[in-house]
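Source file data22.csv; content: CSV, C-alpha atoms and all ligand atoms.
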chain,number,residue,atom,x,y,z
A,34,MET,CA,136.3,-2.3,-67.3
A,35,ILE,CA,137.6,-1.5,-63.9
A,36,ASP,CA,140.7,0.7,-63.8
A,37,THR,CA,143.7,0.4,-61.4
A,38,TYR,CA,141.9,2.6,-58.8
A,39,GLY,CA,138.6,0.7,-58.8
A,40,ARG,CA,136.7,3.1,-61.1
A,41,GLU,CA,134.4,1.5,-63.7
A,42,ILE,CA,135.1,3.1,-67.1
A,43,THR,CA,131.9,3.3,-69.0
A,44,TYR,CA,132.1,6.6,-70.9
A,45,LEU,CA,134.0,7.5,-74.1
A,46,ARG,CA,134.3,11.0,-75.4
A,47,LEU,CA,135.2,10.9,-79.1
A,48,SER,CA,136.4,14.1,-80.7
A,49,VAL,CA,135.7,13.8,-84.4
A,50,THR,CA,137.4,16.9,-85.6
A,51,GLU,CA,139.7,19.7,-84.3
A,52,LEU,CA,138.1,22.2,-86.7
A,53,CYS,CA,135.4,24.6,-85.7
A,54,ASN,CA,133.2,27.3,-87.2
A,55,LEU,CA,133.7,29.4,-84.1
A,56,ARG,CA,136.9,30.5,-82.3
A,57,CYS,CA,136.0,30.7,-78.6
A,58,ARG,CA,138.6,32.7,-76.8
A,59,TYR,CA,139.1,30.1,-74.0
A,60,CYS,CA,139.2,27.2,-76.4
A,61,MET,CA,141.3,27.9,-79.4
A,62,PRO,CA,143.6,30.4,-81.1
A,63,GLU,CA,142.2,33.2,-83.2
A,64,ASP,CA,143.7,31.9,-86.4
A,65,GLY,CA,142.0,28.5,-85.9
A,66,VAL,CA,144.1,25.3,-86.0
A,67,CYS,CA,146.8,24.4,-88.4
A,68,LYS,CA,145.1,21.8,-90.4
A,69,LYS,CA,146.7,18.4,-89.9
A,70,ARG,CA,147.3,16.0,-92.8
A,71,HIS,CA,144.3,14.0,-93.6
A,72,GLU,CA,146.2,10.8,-93.3
A,73,ASP,CA,147.1,11.7,-89.7
A,74,MET,CA,143.5,11.8,-88.6
A,75,LEU,CA,141.3,8.9,-87.8
A,76,THR,CA,139.1,7.8,-90.6
A,77,GLN,CA,135.4,7.4,-90.0
A,78,GLU,CA,135.9,3.6,-90.2
A,79,GLU,CA,138.6,3.8,-87.6
A,80,MET,CA,136.4,5.8,-85.3
A,81,VAL,CA,133.6,3.2,-85.5
A,82,THR,CA,136.1,0.4,-84.9
A,83,ALA,CA,137.4,2.3,-81.8
A,84,VAL,CA,133.8,2.6,-80.6
A,85,ARG,CA,133.3,-1.2,-81.1
A,86,ALA,CA,136.5,-1.9,-79.1
A,87,ALA,CA,135.4,0.5,-76.4
A,88,ALA,CA,132.0,-1.2,-76.2
A,89,ALA,CA,133.7,-4.6,-75.8
A,90,LEU,CA,135.6,-3.1,-72.8
A,91,GLY,CA,132.4,-1.9,-71.1
A,92,ILE,CA,131.9,1.6,-72.6
A,93,ARG,CA,128.1,2.2,-72.6
A,94,LYS,CA,127.9,5.9,-73.1
A,95,LEU,CA,129.5,7.7,-76.1
A,96,ARG,CA,129.8,11.5,-76.5
A,97,ILE,CA,130.6,12.9,-79.9
A,98,THR,CA,132.5,16.2,-79.6
A,99,GLY,CA,135.2,18.2,-81.3
A,100,GLY,CA,136.2,21.0,-82.4
A,101,GLU,CA,132.7,21.4,-83.7
A,102,PRO,CA,131.4,17.9,-84.6
A,103,LEU,CA,128.7,19.3,-86.9
A,104,VAL,CA,131.4,20.7,-89.3
A,105,LYS,CA,132.6,17.1,-89.9
A,106,ALA,CA,131.6,15.6,-93.3
A,107,ASN,CA,129.1,12.8,-92.8
A,108,ILE,CA,128.6,13.4,-89.1
A,109,VAL,CA,125.1,12.0,-89.3
A,110,GLY,CA,126.4,8.7,-90.8
A,111,LEU,CA,129.1,8.5,-88.1
A,112,CYS,CA,126.5,9.0,-85.4
A,113,ARG,CA,124.3,6.3,-87.0
A,114,ASP,CA,127.1,3.8,-87.2
A,115,ALA,CA,128.2,4.5,-83.6
A,116,ALA,CA,124.6,4.2,-82.3
A,117,ALA,CA,124.3,0.8,-83.9
A,118,VAL,CA,127.4,-0.6,-82.1
A,119,GLU,CA,126.4,-3.4,-79.8
A,120,GLY,CA,126.7,-2.4,-76.1
A,121,ILE,CA,126.5,1.4,-76.7
A,122,ARG,CA,123.3,2.5,-74.9
A,123,GLU,CA,123.5,6.1,-75.5
A,124,VAL,CA,125.1,8.4,-78.1
A,125,CYS,CA,125.2,12.1,-77.0
A,126,LEU,CA,126.7,15.0,-78.8
A,127,THR,CA,128.2,18.3,-77.7
A,128,THR,CA,127.8,21.2,-80.1
A,129,ASN,CA,127.9,25.0,-80.3
A,130,GLY,CA,124.4,24.7,-81.8
A,131,THR,CA,124.9,26.9,-84.8
A,132,LEU,CA,124.5,24.1,-87.4
A,133,LEU,CA,121.6,22.4,-85.6
A,134,PRO,CA,118.9,24.1,-87.8
A,135,LYS,CA,120.1,22.0,-90.6
A,136,LEU,CA,121.2,18.8,-88.8
A,137,ALA,CA,119.2,18.4,-85.6
A,138,GLN,CA,116.4,16.2,-87.0
A,139,GLN,CA,118.9,14.0,-89.0
A,140,LEU,CA,121.0,13.5,-85.8
A,141,ARG,CA,118.0,12.5,-83.8
A,142,ASP,CA,116.9,10.1,-86.5
A,143,ALA,CA,120.4,8.7,-86.6
A,144,GLY,CA,120.1,7.7,-82.9
A,145,VAL,CA,121.6,10.6,-81.0
A,146,LYS,CA,119.6,10.7,-77.8
A,147,ARG,CA,121.0,13.7,-75.9
A,148,LEU,CA,122.5,17.1,-76.9
A,149,ASN,CA,124.7,19.5,-75.0
A,150,ILE,CA,124.6,23.0,-76.5
A,151,SER,CA,127.3,25.4,-75.4
A,152,LEU,CA,126.0,29.0,-74.8
A,153,ASP,CA,128.0,31.4,-72.6
A,154,THR,CA,125.9,34.6,-73.1
A,155,LEU,CA,122.5,35.7,-74.3
A,156,ASN,CA,123.9,39.0,-75.6
A,157,GLU,CA,124.6,39.2,-79.3
A,158,GLU,CA,127.7,41.5,-79.0
A,159,LYS,CA,129.1,39.4,-76.2
A,160,PHE,CA,128.5,36.2,-78.1
A,161,ARG,CA,130.4,37.7,-81.0
A,162,TYR,CA,133.2,38.7,-78.7
A,163,ILE,CA,133.6,35.4,-76.9
A,164,THR,CA,133.3,33.3,-80.1
A,165,ARG,CA,135.2,35.9,-82.2
A,166,ILE,CA,133.1,35.2,-85.3
A,167,GLY,CA,129.8,33.7,-84.2
A,168,SER,CA,126.1,34.9,-84.2
A,169,LEU,CA,124.0,34.4,-81.1
A,170,GLN,CA,120.9,34.1,-83.3
A,171,ASP,CA,122.3,31.1,-85.1
A,172,ALA,CA,122.9,29.3,-81.8
A,173,LEU,CA,119.4,30.2,-80.5
A,174,ASN,CA,117.9,29.0,-83.8
A,175,GLY,CA,119.8,25.8,-83.2
A,176,LEU,CA,118.4,25.4,-79.7
A,177,GLU,CA,114.8,26.1,-80.9
A,178,THR,CA,115.2,23.5,-83.7
A,179,ALA,CA,116.6,20.9,-81.4
A,180,LEU,CA,113.8,21.4,-78.9
A,181,ALA,CA,111.3,20.4,-81.6
A,182,CYS,CA,113.2,17.2,-82.6
A,183,GLY,CA,112.4,14.9,-79.7
A,184,PHE,CA,115.8,14.6,-78.0
A,185,GLU,CA,115.5,12.8,-74.7
A,186,LYS,CA,117.5,15.5,-73.0
A,187,ILE,CA,119.0,18.9,-73.9
A,188,LYS,CA,121.5,20.6,-71.7
A,189,ILE,CA,123.0,24.1,-72.1
A,190,ASN,CA,126.6,24.5,-71.0
A,191,SER,CA,127.9,27.9,-70.0
A,192,VAL,CA,131.5,28.4,-69.1
A,193,LEU,CA,131.7,30.8,-66.1
A,194,ILE,CA,134.0,33.7,-66.9
A,195,GLY,CA,134.5,36.5,-64.4
A,196,GLY,CA,133.9,40.0,-65.7
A,197,PHE,CA,132.3,38.5,-68.8
A,198,ASN,CA,129.1,36.5,-68.0
A,199,ASP,CA,128.9,36.4,-64.2
A,200,ASN,CA,126.3,39.2,-64.5
A,201,GLU,CA,124.2,36.9,-66.7
A,202,ILE,CA,124.0,34.0,-64.3
A,203,PRO,CA,120.3,34.7,-63.4
A,204,GLU,CA,119.4,35.1,-67.1
A,205,LEU,CA,121.2,32.0,-68.2
A,206,ALA,CA,119.7,29.9,-65.3
A,207,ASP,CA,116.3,31.3,-66.2
A,208,LEU,CA,116.5,29.3,-69.5
A,209,THR,CA,115.4,26.3,-67.3
A,210,ARG,CA,112.1,28.1,-66.8
A,211,ARG,CA,111.7,29.1,-70.5
A,212,TYR,CA,112.6,25.7,-72.0
A,213,PRO,CA,112.7,22.1,-70.9
A,214,VAL,CA,116.4,22.1,-70.6
A,215,ASP,CA,119.1,21.9,-67.9
A,216,VAL,CA,121.7,24.7,-67.7
A,217,ARG,CA,125.1,23.8,-66.4
A,218,PHE,CA,127.7,26.3,-65.3
A,219,ILE,CA,131.3,25.0,-65.8
A,220,GLU,CA,134.4,26.5,-64.3
A,221,LEU,CA,136.9,27.9,-66.8
A,222,MET,CA,139.8,25.5,-67.1
A,223,PRO,CA,143.3,26.9,-67.5
A,224,MET,CA,144.3,25.1,-70.6
A,225,TYR,CA,147.6,25.3,-72.5
A,226,ASP,CA,146.5,28.4,-74.3
A,227,SER,CA,143.2,29.8,-72.8
A,228,GLY,CA,143.5,32.9,-74.8
A,229,ASP,CA,143.1,36.1,-73.0
A,230,PHE,CA,142.0,34.7,-69.7
A,231,GLY,CA,144.1,34.9,-66.6
A,232,PRO,CA,143.4,34.3,-62.9
A,233,GLU,CA,140.9,37.2,-62.7
A,234,ALA,CA,138.6,35.4,-65.1
A,235,PHE,CA,138.3,32.3,-63.0
A,236,ILE,CA,135.3,32.3,-60.7
A,237,PRO,CA,134.3,29.3,-58.6
A,238,TYR,CA,131.1,27.4,-59.1
A,239,THR,CA,129.9,28.7,-55.7
A,240,THR,CA,129.4,32.1,-57.3
A,241,VAL,CA,126.2,30.7,-58.9
A,242,THR,CA,124.6,29.7,-55.5
A,243,GLU,CA,125.6,33.1,-54.1
A,244,ARG,CA,123.9,34.9,-56.9
A,245,LEU,CA,120.9,32.6,-56.9
A,246,PRO,CA,120.0,31.9,-53.2
A,247,GLU,CA,116.6,30.6,-54.4
A,248,LEU,CA,118.2,27.5,-55.9
A,249,ILE,CA,116.9,24.3,-54.4
A,250,PRO,CA,119.3,21.4,-54.0
A,251,MET,CA,118.3,18.3,-56.0
A,252,PRO,CA,119.4,14.7,-55.7
A,253,ALA,CA,122.6,13.7,-57.7
A,254,ASP,CA,122.0,11.8,-60.9
A,255,GLY,CA,125.3,10.0,-61.2
A,256,GLY,CA,126.9,12.8,-63.3
A,257,VAL,CA,129.6,15.2,-62.3
A,258,ALA,CA,127.3,18.2,-61.8
A,259,LYS,CA,126.0,19.3,-58.4
A,260,LEU,CA,122.3,19.8,-59.1
A,261,TYR,CA,119.9,22.5,-58.1
A,262,ARG,CA,116.6,23.8,-59.4
A,263,LEU,CA,114.9,27.2,-59.6
A,264,PRO,CA,111.3,27.2,-58.3
A,265,ASP,CA,108.9,26.4,-61.2
A,266,ALA,CA,111.6,25.4,-63.5
A,267,PHE,CA,111.4,22.6,-66.1
A,268,GLY,CA,115.0,21.5,-65.7
A,269,ASN,CA,118.0,21.6,-63.3
A,270,VAL,CA,120.8,24.0,-62.9
A,271,GLY,CA,124.1,22.0,-62.7
A,272,LEU,CA,127.4,23.2,-61.3
A,273,ILE,CA,130.6,21.6,-62.6
A,274,SER,CA,133.7,22.3,-60.7
A,275,PRO,CA,136.7,20.8,-62.5
A,276,VAL,CA,139.1,23.3,-60.9
A,277,SER,CA,137.9,24.1,-57.3
A,278,ALA,CA,136.6,20.6,-56.5
A,279,HIS,CA,137.9,18.0,-58.9
A,280,PHE,CA,135.9,14.7,-59.4
A,281,CYS,CA,138.8,12.4,-60.3
A,282,ALA,CA,137.7,9.8,-57.7
A,283,GLU,CA,134.4,9.3,-59.7
A,284,CYS,CA,135.9,9.8,-63.2
A,285,ASN,CA,134.4,7.1,-65.4
A,286,ARG,CA,135.7,8.4,-68.8
A,287,ILE,CA,138.4,8.1,-71.4
A,288,ARG,CA,138.9,10.4,-74.4
A,289,LEU,CA,139.9,9.7,-78.0
A,290,THR,CA,141.1,12.7,-80.1
A,291,ALA,CA,140.4,13.2,-83.8
A,292,ASP,CA,144.1,12.3,-84.5
A,293,GLY,CA,143.7,9.0,-82.8
A,294,LYS,CA,145.2,9.6,-79.3
A,295,LEU,CA,143.6,8.0,-76.4
A,296,LYS,CA,143.8,10.3,-73.4
A,297,PRO,CA,143.3,8.4,-70.1
A,298,CYS,CA,143.0,11.9,-68.3
A,299,LEU,CA,142.0,15.2,-69.7
A,300,HIS,CA,144.7,17.2,-67.9
A,301,SER,CA,147.6,14.8,-68.5
A,302,SER,CA,149.9,14.9,-71.5
A,303,ASP,CA,149.9,11.1,-71.6
A,304,GLU,CA,148.5,9.9,-74.9
A,305,ILE,CA,148.4,6.5,-76.5
A,306,SER,CA,147.9,6.3,-80.3
A,307,LEU,CA,145.3,4.1,-82.0
A,308,LYS,CA,145.9,5.4,-85.5
A,309,GLY,CA,146.4,2.6,-88.0
A,310,LEU,CA,145.5,-0.3,-85.6
A,311,ASP,CA,142.9,-2.9,-86.4
A,312,TYR,CA,140.1,-3.9,-84.0
A,313,ASP,CA,142.3,-6.3,-81.9
A,314,GLY,CA,145.1,-3.7,-81.7
A,315,MET,CA,142.7,-1.0,-80.6
A,316,LEU,CA,141.1,-3.3,-78.0
A,317,GLU,CA,144.5,-4.1,-76.3
A,318,THR,CA,145.7,-0.5,-76.6
A,319,MET,CA,142.5,0.8,-75.0
A,320,ARG,CA,142.8,-1.7,-72.2
A,321,SER,CA,146.3,-0.4,-71.5
A,322,ALA,CA,145.1,3.2,-71.6
A,323,ILE,CA,142.4,2.4,-69.1
A,324,LEU,CA,144.9,0.8,-66.8
A,325,ALA,CA,147.2,3.8,-67.2
A,326,LYS,CA,144.5,6.2,-66.1
A,327,PRO,CA,146.0,8.2,-63.2
A,328,LYS,CA,144.4,8.6,-59.8
A,329,TRP,CA,144.0,12.3,-60.3
A,330,HIS,CA,145.1,15.0,-62.6
A,331,GLY,CA,147.4,16.8,-60.2
A,332,GLU,CA,147.2,20.4,-59.1
A,333,LEU,CA,145.1,22.6,-61.5
A,334,SER,CA,144.9,26.3,-61.0
A,335,TYR,CA,145.9,29.4,-62.8
A,336,ARG,CA,149.4,29.0,-61.5
A,337,GLU,CA,149.4,25.2,-62.2
A,338,ARG,CA,147.8,25.2,-65.7
A,339,SER,CA,146.6,22.0,-67.4
A,340,HIS,CA,149.4,19.6,-68.5
A,341,ALA,CA,147.3,18.4,-71.4
A,342,ASN,CA,149.5,20.2,-73.9
A,343,ARG,CA,146.5,20.7,-76.2
A,344,ASN,CA,143.8,23.3,-76.4
A,345,MET,CA,140.3,22.2,-75.7
A,346,ASN,CA,139.2,22.0,-79.4
A,347,GLN,CA,141.9,19.3,-79.8
A,348,ILE,CA,140.5,17.3,-76.9
A,349,GLY,CA,136.8,17.8,-76.9
A,350,GLY,CA,136.1,19.1,-73.4
B,401,LIG,N1,132.2,22.8,-80.3
B,401,LIG,C1,131.5,22.1,-79.3
B,401,LIG,C2,131.0,23.0,-78.3
B,401,LIG,O1,131.4,24.1,-78.2
B,401,LIG,O2,130.1,22.6,-77.5
B,401,LIG,C3,132.1,20.9,-78.7
B,401,LIG,C4,133.6,21.0,-78.4
B,401,LIG,S1,134.0,22.1,-77.0
B,401,LIG,C5,135.7,21.9,-76.9
B,401,LIG,C6,133.3,21.2,-75.6
B,401,LIG,C7,133.1,22.0,-74.4
B,401,LIG,O3,134.3,22.5,-73.9
B,401,LIG,C8,132.2,23.3,-74.6
B,401,LIG,O4,131.1,23.3,-73.7
B,401,LIG,C9,133.2,24.4,-74.2
B,401,LIG,O5,132.5,25.5,-73.7
B,401,LIG,C10,134.1,23.7,-73.3
B,401,LIG,N2,135.4,24.4,-73.1
B,401,LIG,C11,136.3,24.7,-74.0
B,401,LIG,N3,137.4,25.3,-73.5
B,401,LIG,C12,137.2,25.3,-72.1
B,401,LIG,C13,137.9,25.8,-71.0
B,401,LIG,N4,139.1,26.4,-71.2
B,401,LIG,N5,137.3,25.7,-69.8
B,401,LIG,C14,136.1,25.1,-69.6
B,401,LIG,N6,135.4,24.6,-70.7
B,401,LIG,C15,135.9,24.7,-71.9
B,402,LIG,FE1,134.6,25.7,-81.2
B,402,LIG,FE2,133.4,24.5,-79.2
B,402,LIG,FE3,135.9,25.4,-78.9
B,402,LIG,FE4,133.9,27.2,-79.2
B,402,LIG,S1,134.2,25.7,-77.5
B,402,LIG,S2,135.9,27.2,-80.3
B,402,LIG,S3,132.5,26.2,-80.5
B,402,LIG,S4,135.2,23.8,-80.2
Once more with this new file: its structure as structure tokens, please.
Amino acid sequence: MIDTYGREITYLRLSVTELCNLRCRYCMPEDGVCKKRHEDMLTQEEMVTAVRAAAALGIRKLRITGGEPLVKANIVGLCRDAAAVEGIREVCLTTNGTLLPKLAQQLRDAGVKRLNISLDTLNEEKFRYITRIGSLQDALNGLETALACGFEKIKINSVLIGGFNDNEIPELADLTRRYPVDVRFIELMPMYDSGDFGPEAFIPYTTVTERLPELIPMPADGGVAKLYRLPDAFGNVGLISPVSAHFCAECNRIRLTADGKLKPCLHSSDEISLKGLDYDGMLETMRSAILAKPKWHGELSYRERSHANRNMNQIGG
């Protein structure tokens, strides 16, 4: 479907849970989330109905996200049902990777084609610091397992955090030489409660090209990342700049949260509820949400923080 500003909306990001087995400092509070009532969250059946309605409106790509999607009960069944929806060409999933040793093959068999694995550091102590409770080895085991499971594409996402991982840019980018993966550096977004991080932690995407002058520009692939490649690498280095160079004019996505709120724009507080609606109700509500998608998200900086009124674990990135 085409929105009010001529953008074709083809991509749905479905957050299947707000819960997570990690507590990344820029994403969620230390004490986790206060668990909402079960009846306030979308059921698995409602999620699949929403995907059917989205597909009827022209959504072709679905990304399952969270919270951590792999902590959700029956995530494999949900991916299988979503992949079987007519019109959905691609089911992708974003994960912190730690539960992939158990689930990667089942997800691939269920029809998940592509994986994004979040990994901000290759240092065990720093991993523990940034995730508050996680183990780097679990995430690396997840990556290794996924690489053996035949996914069409695996991308590693690293949030750029000044004073934390900017000294690891070469090492993280070098993963594209060690493995057949892309590595994408994403600017830190100033969310409602981005934990301990203030203006000094924000570093622009251009820091990566400054640190890695050997990067070779690559043709765009239709995604939001500016693409480069290291000599002799298997995959690309992508730079994603939601803060310093927004991509609202090309935004082709809508989001659906685990509690059933359609978000036409990541950084707006506008939400439209789907909870409790049947297929026809969801179809019409989704149509209005697409038409309500704003032209851009407004100023976004460490002075003008996101207006989303949610932390990232409650949206899905
Ligand atoms: N738990 C999964 C994971 O970590 O990949 C999926 C959900 S997580 C919210 C999705 C993505 O959002 C992750 O790549 C994470 O690094 C990113 N993210 C979370 N908070 C962010 C922030 N404040 N700025 C930029 N990216 C953020
Ligand atoms: Fe969990 Fe992902 Fe947020 Fe980290 S970024 S706390 S893994 S939802």
Within 12 Å of region 74-95 of chain A, which residues of region 283-333 of chain A come that close, and what is the closest atom pair and distance in Å for each? Count only C-alpha atoms and give it as a Markdown table.
| residue | atom | partner | partner_atom | distance |
| --- | --- | --- | --- | --- |
| A:Asn285 | CA | A:Ile92 | CA | 9.4 |
| A:Arg286 | CA | A:Ile92 | CA | 8.7 |
| A:Ile287 | CA | A:Ile92 | CA | 9.3 |
| A:Arg288 | CA | A:Leu95 | CA | 9.9 |
| A:Leu289 | CA | A:Ala83 | CA | 8.7 |
| A:Thr290 | CA | A:Leu75 | CA | 8.6 |
| A:Ala291 | CA | A:Met74 | CA | 5.9 |
| A:Asp292 | CA | A:Met74 | CA | 4.2 |
| A:Gly293 | CA | A:Leu75 | CA | 5.5 |
| A:Lys294 | CA | A:Leu75 | CA | 9.4 |
| A:Leu295 | CA | A:Ala83 | CA | 10.0 |
| A:Ser306 | CA | A:Leu75 | CA | 10.3 |
| A:Leu307 | CA | A:Ala83 | CA | 8.1 |
| A:Lys308 | CA | A:Leu75 | CA | 6.2 |
| A:Gly309 | CA | A:Glu79 | CA | 7.9 |
| A:Leu310 | CA | A:Glu79 | CA | 8.3 |
| A:Asp311 | CA | A:Thr82 | CA | 7.7 |
| A:Tyr312 | CA | A:Thr82 | CA | 5.9 |
| A:Asp313 | CA | A:Ala86 | CA | 7.8 |
| A:Gly314 | CA | A:Ala86 | CA | 9.2 |
| A:Met315 | CA | A:Ala83 | CA | 6.4 |
| A:Leu316 | CA | A:Ala86 | CA | 4.9 |
| A:Glu317 | CA | A:Ala86 | CA | 8.8 |
| A:Thr318 | CA | A:Ala86 | CA | 9.6 |
| A:Met319 | CA | A:Ala87 | CA | 7.2 |
| A:Arg320 | CA | A:Leu90 | CA | 7.4 |
| A:Ser321 | CA | A:Leu90 | CA | 11.1 |
| A:Ala322 | CA | A:Ala87 | CA | 11.2 |
| A:Ile323 | CA | A:Leu90 | CA | 9.5 |
| A:Leu324 | CA | A:Leu90 | CA | 11.7 |
Quick one: write out the picked residues with C-alpha atoms as a PDB file, in the coordinates of the input?
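Heads up, here's the output in part.pdb:
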ATOM      1  CA  ASN A 285     134.400   7.100 -65.400  1.00  0.00           C
ATOM      2  CA  ARG A 286     135.700   8.400 -68.800  1.00  0.00           C
ATOM      3  CA  ILE A 287     138.400   8.100 -71.400  1.00  0.00           C
ATOM      4  CA  ARG A 288     138.900  10.400 -74.400  1.00  0.00           C
ATOM      5  CA  LEU A 289     139.900   9.700 -78.000  1.00  0.00           C
ATOM      6  CA  THR A 290     141.100  12.700 -80.100  1.00  0.00           C
ATOM      7  CA  ALA A 291     140.400  13.200 -83.800  1.00  0.00           C
ATOM      8  CA  ASP A 292     144.100  12.300 -84.500  1.00  0.00           C
ATOM      9  CA  GLY A 293     143.700   9.000 -82.800  1.00  0.00           C
ATOM     10  CA  LYS A 294     145.200   9.600 -79.300  1.00  0.00           C
ATOM     11  CA  LEU A 295     143.600   8.000 -76.400  1.00  0.00           C
ATOM     12  CA  SER A 306     147.900   6.300 -80.300  1.00  0.00           C
ATOM     13  CA  LEU A 307     145.300   4.100 -82.000  1.00  0.00           C
ATOM     14  CA  LYS A 308     145.900   5.400 -85.500  1.00  0.00           C
ATOM     15  CA  GLY A 309     146.400   2.600 -88.000  1.00  0.00           C
ATOM     16  CA  LEU A 310     145.500  -0.300 -85.600  1.00  0.00           C
ATOM     17  CA  ASP A 311     142.900  -2.900 -86.400  1.00  0.00           C
ATOM     18  CA  TYR A 312     140.100  -3.900 -84.000  1.00  0.00           C
ATOM     19  CA  ASP A 313     142.300  -6.300 -81.900  1.00  0.00           C
ATOM     20  CA  GLY A 314     145.100  -3.700 -81.700  1.00  0.00           C
ATOM     21  CA  MET A 315     142.700  -1.000 -80.600  1.00  0.00           C
ATOM     22  CA  LEU A 316     141.100  -3.300 -78.000  1.00  0.00           C
ATOM     23  CA  GLU A 317     144.500  -4.100 -76.300  1.00  0.00           C
ATOM     24  CA  THR A 318     145.700  -0.500 -76.600  1.00  0.00           C
ATOM     25  CA  MET A 319     142.500   0.800 -75.000  1.00  0.00           C
ATOM     26  CA  ARG A 320     142.800  -1.700 -72.200  1.00  0.00           C
ATOM     27  CA  SER A 321     146.300  -0.400 -71.500  1.00  0.00           C
ATOM     28  CA  ALA A 322     145.100   3.200 -71.600  1.00  0.00           C
ATOM     29  CA  ILE A 323     142.400   2.400 -69.100  1.00  0.00           C
ATOM     30  CA  LEU A 324     144.900   0.800 -66.800  1.00  0.00           C
TER      31      LEU A 324
END
Select, from A:Gln347, A:Thr242, A:Asn269, A:Gln139, the residue with the minimum atom-to-atom distance to ligand LIG 401 (chain B), counting all atoms listed in the file.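 The shortest atom-to-atom distance to ligand LIG 401 (chain B) comes from A:Gln347.
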Test item: residues no farther than 7 Å from ligand LIG 402 (chain B), counting all atoms listed in the file, as an MDAnalysis selection string: chainID A and resid 53:57 60:61 99:101 128:129 164 345:346
For a quick check of understanding, using all atoms listed in the file, which of A:Tyr59, A:Trp329, A:Tyr44, A:Phe184 has the smallest distance to ligand LIG 401 (chain B)? A:Tyr59
For ligand LIG 401 (chain B), return the neighbouring residues as a PyMOL selection string (distance at most 9 Å; all atoms listed in the file). chain A and resi 48+51-55+57-61+97-103+126-130+149-153+189-193+219-228+230+275+344-350
Given the choices A:Cys298, A:Ala325, A:Ala234, A:Ala179, which gets closest to Phe197 (chain A) if the distance is worked out from only C-alpha atoms?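 For Phe197 (chain A), the nearest of the candidates is A:Ala234.
We find CA of Gly167 (chain A) and CA of Ile194 (chain A) to be spaced 17.8 Å apart.
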As an exercise, work out the distance from CA of Ile249 (chain A) to CA of Tyr261 (chain A) in Å and give it to one decimal place. 5.1 Å
Of the candidates A:Ala278, A:Leu299, A:Leu173, A:Leu47, which one gets nearest to Lys326 (chain A) if we count only C-alpha atoms?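 Using only C-alpha atoms, Lys326 (chain A) sits closest to A:Leu299.
The smallest atom-to-atom distance between Leu333 (chain A) and any of A:Arg70, A:Lys135, A:His279, A:Arg96, using only C-alpha atoms, is found for A:His279.
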For a quick check of understanding, using all atoms listed in the file, which of A:Leu245, A:Ala266, A:Leu45, A:Ile166 has the smallest distance to Tyr212 (chain A)?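 Comparing A:Leu245, A:Ala266, A:Leu45, A:Ile166 against Tyr212 (chain A), the winner is A:Ala266.
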Interatomic distance between CA of Pro232 (chain A) and CA of Val270 (chain A)? 24.8 Å
